[in-house]
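Presented below is the structure to which this report refers.
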Amino acid sequence: MDKLKKVLNGNDSAEDGGALSEVIEGTTLGWGTRVKGFLACFVAGIICSILGVCFLWIPKRGLILFAVFYSIGNIASIGSTLFLMGPVKQIKKMFEPTRLAATIVMLLCLVCTLCSAFWWKKAALALIFCVLQFFAMA
């Protein structure tokens, strides 16, 4: 219908992006859907972080479970804001000069937390990286 309107108005020109613009228009979310996605991811992130704190008290494997669930919670919290501002705008804001250092430290500590939990098997190191993740996110 939109193409018909463009043709009838005489606006059918080379600015039409073709299939790519149709995909972009078809995948945009309404504001209500964005807020629902934000809330769902944010609540999931909070639940994962709380579960991580609860797992901290489990003997032997608790510290590893804490590190993993805390990192998953941070990923979900970052992912929640993607719904509000969109992925491209979020990445641009994350890598602005004023936020660049914190972003790099946070992402590096997140990866190191998961590496220390799964491959290096160092629970204390995973806890240190979780603390650094917290400070970088703040």
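As shown in the structure tokens, the chain order sets the letters A, B, ...; within each chain, residues go from 1, and ligands are also counted from 1 in the order they appear.
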
Nearby residues (only C-alpha atoms) at most 8 Å from A:Leu125, same-chain spacing under 3 positions excluded, as a list in words: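 These residues fall inside the cut-off: Thr113, Ser116, Lys122, Ile128 and Phe129 of chain A.
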
Show me a table, sorted first by chain and then by increasing residue number, of the residues of stretch 89-132 of chain A having an atom at most 10 Å from stretch 66-84 of chain A, each with its shortest atom pair and the distance in Å to one decimal, counting only C-alpha atoms and written as JSON lines.
{"residue": "A:Lys89", "atom": "CA", "partner": "A:Leu82", "partner_atom": "CA", "distance": 8.4}
{"residue": "A:Gln90", "atom": "CA", "partner": "A:Leu82", "partner_atom": "CA", "distance": 6.3}
{"residue": "A:Ile91", "atom": "CA", "partner": "A:Leu82", "partner_atom": "CA", "distance": 8.9}
{"residue": "A:Met106", "atom": "CA", "partner": "A:Asn74", "partner_atom": "CA", "distance": 9.6}
{"residue": "A:Leu107", "atom": "CA", "partner": "A:Ile75", "partner_atom": "CA", "distance": 9.6}
{"residue": "A:Cys109", "atom": "CA", "partner": "A:Ser71", "partner_atom": "CA", "distance": 9.3}
{"residue": "A:Leu110", "atom": "CA", "partner": "A:Ser71", "partner_atom": "CA", "distance": 6.2}
{"residue": "A:Val111", "atom": "CA", "partner": "A:Ser71", "partner_atom": "CA", "distance": 8.7}
{"residue": "A:Thr113", "atom": "CA", "partner": "A:Ala67", "partner_atom": "CA", "distance": 6.5}
{"residue": "A:Leu114", "atom": "CA", "partner": "A:Val68", "partner_atom": "CA", "distance": 6.3}
{"residue": "A:Cys115", "atom": "CA", "partner": "A:Val68", "partner_atom": "CA", "distance": 9.8}
{"residue": "A:Ser116", "atom": "CA", "partner": "A:Ala67", "partner_atom": "CA", "distance": 9.0}
{"residue": "A:Ala117", "atom": "CA", "partner": "A:Ala67", "partner_atom": "CA", "distance": 6.9}
{"residue": "A:Phe118", "atom": "CA", "partner": "A:Val68", "partner_atom": "CA", "distance": 8.9}
{"residue": "A:Ala123", "atom": "CA", "partner": "A:Ala67", "partner_atom": "CA", "distance": 8.2}
{"residue": "A:Ala124", "atom": "CA", "partner": "A:Ala67", "partner_atom": "CA", "distance": 9.8}
{"residue": "A:Leu125", "atom": "CA", "partner": "A:Ala67", "partner_atom": "CA", "distance": 9.6}
{"residue": "A:Ala126", "atom": "CA", "partner": "A:Ala67", "partner_atom": "CA", "distance": 5.9}
{"residue": "A:Leu127", "atom": "CA", "partner": "A:Ala67", "partner_atom": "CA", "distance": 6.3}
{"residue": "A:Ile128", "atom": "CA", "partner": "A:Ala67", "partner_atom": "CA", "distance": 9.4}
{"residue": "A:Phe129", "atom": "CA", "partner": "A:Ala67", "partner_atom": "CA", "distance": 8.3}
{"residue": "A:Cys130", "atom": "CA", "partner": "A:Ala67", "partner_atom": "CA", "distance": 6.3}
{"residue": "A:Val131", "atom": "CA", "partner": "A:Ala67", "partner_atom": "CA", "distance": 9.7}

Could you please take those selected residues and save N, CA and C atoms as a compact mmCIF listing (two decimals), in the first residue's frame?
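Output contents, as saved in again33.txt:
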# COMPACT_ATOMS: atom_id res chain seq x y z
N LYS A 89 22.33 2.49 18.41
CA LYS A 89 22.47 3.65 19.28
C LYS A 89 23.13 3.25 20.60
N GLN A 90 22.77 2.08 21.12
CA GLN A 90 23.37 1.61 22.37
C GLN A 90 24.88 1.42 22.21
N ILE A 91 25.28 0.77 21.13
CA ILE A 91 26.71 0.54 20.92
C ILE A 91 27.45 1.86 20.74
N MET A 106 34.42 -3.43 31.59
CA MET A 106 33.27 -4.28 31.91
C MET A 106 33.22 -5.51 31.02
N LEU A 107 33.37 -5.31 29.71
CA LEU A 107 33.32 -6.45 28.79
C LEU A 107 34.49 -7.40 29.01
N CYS A 109 36.16 -7.84 31.86
CA CYS A 109 35.94 -8.55 33.12
C CYS A 109 34.84 -9.60 33.00
N LEU A 110 33.83 -9.32 32.18
CA LEU A 110 32.76 -10.29 31.96
C LEU A 110 33.32 -11.55 31.30
N VAL A 111 34.13 -11.36 30.28
CA VAL A 111 34.74 -12.51 29.60
C VAL A 111 35.70 -13.24 30.54
N THR A 113 35.57 -13.33 33.78
CA THR A 113 34.79 -14.03 34.81
C THR A 113 34.36 -15.39 34.31
N LEU A 114 33.82 -15.42 33.11
CA LEU A 114 33.36 -16.70 32.56
C LEU A 114 34.53 -17.64 32.27
N CYS A 115 35.65 -17.09 31.80
CA CYS A 115 36.84 -17.93 31.56
C CYS A 115 37.37 -18.51 32.87
N SER A 116 37.41 -17.68 33.92
CA SER A 116 37.92 -18.18 35.20
C SER A 116 36.97 -19.19 35.82
N ALA A 117 35.70 -19.10 35.50
CA ALA A 117 34.74 -20.07 36.05
C ALA A 117 34.76 -21.38 35.29
N PHE A 118 34.87 -21.34 33.96
CA PHE A 118 34.75 -22.56 33.16
C PHE A 118 36.09 -23.20 32.81
N ALA A 123 37.92 -20.00 41.43
CA ALA A 123 36.74 -19.35 41.99
C ALA A 123 37.05 -17.96 42.53
N ALA A 124 38.18 -17.81 43.19
CA ALA A 124 38.54 -16.51 43.75
C ALA A 124 38.76 -15.47 42.65
N LEU A 125 39.37 -15.90 41.57
CA LEU A 125 39.58 -15.00 40.43
C LEU A 125 38.25 -14.60 39.80
N ALA A 126 37.33 -15.53 39.73
CA ALA A 126 36.00 -15.22 39.21
C ALA A 126 35.30 -14.18 40.09
N LEU A 127 35.44 -14.30 41.39
CA LEU A 127 34.85 -13.33 42.31
C LEU A 127 35.46 -11.95 42.12
N ILE A 128 36.77 -11.90 41.95
CA ILE A 128 37.44 -10.61 41.72
C ILE A 128 36.93 -9.96 40.44
N PHE A 129 36.78 -10.75 39.39
CA PHE A 129 36.27 -10.20 38.13
C PHE A 129 34.82 -9.75 38.25
N CYS A 130 34.03 -10.43 39.09
CA CYS A 130 32.64 -10.00 39.32
C CYS A 130 32.60 -8.64 40.02
N VAL A 131 33.48 -8.46 40.98
CA VAL A 131 33.56 -7.17 41.67
C VAL A 131 33.97 -6.07 40.69

Stretch 82-132 of chain A: residues DSSP assigns to helix (DSSP H, G or I), reported as a VMD selection string: chain A and resid 82 to 85 87 to 94 100 to 118 123 to 132

Two-atom distance - atom CA of A:Met137, atom CA of A:Val105 (Å): 9.1 Å

Which of A:Phe134, A:Leu100, A:Arg34, A:Lys121 sits closest to A:Leu65 [using only C-alpha atoms]: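 Using only C-alpha atoms, A:Leu65 sits closest to A:Lys121.
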
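Compared by their closest atoms to A:Ala101, and using only C-alpha atoms, the residues A:Phe135, A:Trp57, A:Ala40, A:Gly45 rank with A:Phe135 nearest.
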